[in-house]
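Have a look at the structure below, then the notes.
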Amino acid sequence: MMQNYDYQIAVQRAGNFLLTEIQPDGAFVYERALSGELTTAPYNMLRHCGTVWALALAKPYLPQELGSVALPKAVAFLKRQLVGCNAADRDKPFTLILDKKSAKLGGNALALLALQQCQEEQELLLSLVDGINYFLDIKTKAVRFSKFNPYTGSVSTFESEYYPGEAALALAVFGNYADAVTLVRYVRDTRDKNGPLQDHWMMQALEKLYSDAPSFAATIHIDQAELRDELFAYAQQIFLDIQQNPVYLGRCTPTACRAEAAVAYLGILSLRSADSHRRLVYAFSKQLLNILLQYQLQEGAFKGAFVDGKTLRIDYTQHAMTAFLRYLALPHHVLQET
């Protein structure tokens, strides 16, 4: 029980740090050296959106007076990066979020997650969903491209390991279950067919779909039990791939991302019959979370920040905080396992 309390304290400290890093214009202090000096790293809107989302999730653990002032500034900064677009192959306008003049599949996904968690207006959220779908094939949900410049129409060959998982999670959280399931199947059968799986975003999407399957499976004409078995099999593959490759455990962020995935998988297992496999995953998740605690600053001006190497960047703290939040949201009977 004491460990769960430690995790709550870790979330509070991390959230307080991130809130105090929000500047008057709503941007975060993106990256610092351990000495506190600002680095020259270019600002990344995907990480801004992910951090806003995590802070919104952490609201119950954070001081209301600080969050009610700082977080809206970060939301407003996010919204100022949105642009409305039209395309010849789409029958209605859609919204994209820009990062250094480029639009990215992961950016729209994280913007949708952030703004939905902050309870922004439905019309804007729907337009962001349409923006996500612009990156995807209309029927198959195959990823057409990951990044492009909406001003010139030029498409980049850049591909991200995480954008499809972010998109699947955003669509599932928004309730576009049919599109989320189709995208999950596409990624599983193409990108992840013969390669490494270690995708913490996809695991969180699988957890959401598995949890909500009883409420939507019949509406999209899929047998609930069969869908859950399918989602579980994919999640199990991802978990085993992560468990068997611990080579990055010497750094904060890979540890945090692996913890996010392990805890999301534990969330799936909590809805299945208790067995030795769940206890194994529970033990592995706690091991990662306890390692993660060692990367959090416990004192000084940046108390609560998570350190990776010699720098503090907002996404280092965001991923760590999200891992602890995922754990604290697990059902009571899982948190009591020993």
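Identifiers in the structure tokens: chain A, B, ... in order shown; residue index from 1 per chain; ligand index from 1 in order shown.
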Problem set entry | Polymer residues at most 10 Å from region 154-169 of chain A, only C-alpha atoms, same-chain spacing of 5 or more positions, as an NGL selection string | :A and (50 or 102-110 or 112-113 or 129 or 132-133 or 135-136 or 141-149 or 174-177 or 179-184 or 186-187 or 191 or 197-209)
Could you pull the residues within 12 Å of Gln119 (chain A), counting only C-alpha atoms, minus those fewer than 2 positions along the same chain, as a compact mmCIF listing (two decimals) with C-alpha atoms, in the first residue's frame?
```
# COMPACT_ATOMS: atom_id res chain seq x y z
CA TRP A 53 -3.25 15.27 -22.05
CA ALA A 56 -5.54 16.73 -17.67
CA LEU A 57 -5.56 13.05 -16.63
CA PRO A 72 -5.77 26.60 -19.84
CA VAL A 75 -4.52 24.45 -24.08
CA LEU A 112 -7.50 15.06 -30.01
CA LEU A 113 -6.62 13.21 -26.80
CA ALA A 114 -5.60 16.44 -25.07
CA LEU A 115 -8.56 18.56 -26.14
CA GLN A 116 -11.09 15.83 -25.44
CA GLN A 117 -9.68 15.30 -21.96
CA GLU A 121 -16.22 21.71 -27.96
CA GLN A 122 -17.44 18.69 -29.92
CA GLU A 123 -17.28 20.40 -33.31
CA LEU A 124 -13.54 20.97 -32.95
CA LEU A 125 -12.98 17.39 -31.82
CA PHE A 174 -13.25 9.41 -28.92
```
For this session: For Asp91 (chain A), work out the shell of residues within 12 Å, counting only C-alpha atoms and skipping chain neighbours fewer than 4 positions away, then give it as a ChimeraX atom specification.
Result: /A:85-87,130,134,138
Exercise. For the atom pair CA of Leu19 (chain A) and CA of Ala329 (chain A), what is the interatomic distance in Å to one decimal place?
Worked result: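 Between CA of Leu19 (chain A) and CA of Ala329 (chain A) the gap works out to 21.4 Å.
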Problem set entry | For CA of Val11 (chain A) and CA of Met321 (chain A), the interatomic separation in Å (one decimal) |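 These two atoms are separated by 5.4 Å.
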For this session: Pick out the closest residue to Phe302 (chain A) from this set: A:Ala261, A:Ile22, A:Leu34, A:Leu96. Count only C-alpha atoms.
Result: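 Nearest to Phe302 (chain A): A:Leu34.
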For this session: Select from region 102-248 of chain A everything DSSP, run on the backbone, classes as alpha helix (DSSP H), then give the selection as a PyMOL selection string.
Result: chain A and resi 105-117+122-134+163-174+177-189+200-216+224-243
Seminar exercise, completed: Here CA of Glu37 (chain A) and CA of Lys73 (chain A) stand apart by 22.9 Å
Exercise. Could you pull the residues within 7 Å of Glu31 (chain A), counting only C-alpha atoms, minus those fewer than 5 positions along the same chain, as an MDAnalysis selection string?
Worked result: chainID A and resid 38:39 41 311:314
Output C-alpha atoms for every residue in that selection, as a PDB file, in the first residue's frame.
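Result file follows (selection.pdb):
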```
ATOM      1  CA  LEU A  38      17.578  26.157 -21.532  1.00  0.00           C
ATOM      2  CA  THR A  39      18.754  24.031 -24.434  1.00  0.00           C
ATOM      3  CA  ALA A  41      16.166  21.873 -28.862  1.00  0.00           C
ATOM      4  CA  THR A 311      18.497  16.805 -19.520  1.00  0.00           C
ATOM      5  CA  LEU A 312      14.935  17.485 -18.401  1.00  0.00           C
ATOM      6  CA  ARG A 313      12.395  17.497 -21.237  1.00  0.00           C
ATOM      7  CA  ILE A 314       8.648  17.658 -20.834  1.00  0.00           C
TER       8      ILE A 314
END
```
Problem set entry | region 12-165 of chain A: residues DSSP assigns to strand (DSSP E), reported as a VMD selection string | chain A and resid 31 to 33 82 to 85 94 to 99 102 to 104 147 to 148
Exercise. For Asp189 (chain A), which residue out of A:Thr140, A:Asp229, A:Gln296, A:Asp223 is the nearest one, using only C-alpha atoms?
Worked result: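 For Asp189 (chain A), the nearest of the given residues is A:Thr140.
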Problem set entry | Top pick for closest residue to Arg326 (chain A), considering A:Pro196, A:Ala54, A:Leu269, A:Phe216 and counting only C-alpha atoms |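 Among the listed residues, the smallest separation from Arg326 (chain A) belongs to A:Ala54.
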Can you tell me, as an mmCIF file with C-alpha atoms, in the first residue's frame, what residues are no more than 12 Å from Leu297 (chain A) when counting only C-alpha atoms, ignoring any on the same chain fewer than 6 positions away?
```cif
data_model
loop_
_atom_site.group_PDB
_atom_site.id
_atom_site.type_symbol
_atom_site.label_atom_id
_atom_site.label_comp_id
_atom_site.auth_asym_id
_atom_site.auth_seq_id
_atom_site.Cartn_x
_atom_site.Cartn_y
_atom_site.Cartn_z
ATOM 1 C CA ALA A 10 5.341 10.889 -7.831
ATOM 2 C CA ARG A 13 5.382 16.142 -7.906
ATOM 3 C CA ALA A 14 5.613 15.544 -11.652
ATOM 4 C CA PHE A 17 6.685 20.569 -12.005
ATOM 5 C CA LEU A 34 20.357 19.620 -15.306
ATOM 6 C CA CYS A 252 14.279 6.981 -17.976
ATOM 7 C CA LYS A 303 11.663 18.766 -7.911
ATOM 8 C CA GLY A 304 9.317 16.266 -9.550
ATOM 9 C CA ALA A 305 10.958 16.305 -12.975
ATOM 10 C CA PHE A 306 12.212 13.066 -14.502
ATOM 11 C CA VAL A 307 15.770 13.051 -15.813
ATOM 12 C CA ASP A 308 16.950 11.222 -18.916
ATOM 13 C CA THR A 311 18.497 16.805 -19.520
ATOM 14 C CA LEU A 312 14.935 17.485 -18.401
ATOM 15 C CA THR A 317 8.209 13.617 -17.181
#
```
For this session: Pick out the closest residue to Leu71 (chain A) from this set: A:Gly36, A:Gly84, A:Pro42, A:Gly26. Count only C-alpha atoms.
Result: A:Gly26
For this session: Would you list the contacts of Leu330 (chain A) as a ChimeraX atom specification, taking every protein, DNA or RNA residue within 9 Å and counting only C-alpha atoms, but skipping same-chain residues closer than 4 positions in sequence?
Result: /A:263-264,266-267,270,325-326,334-335
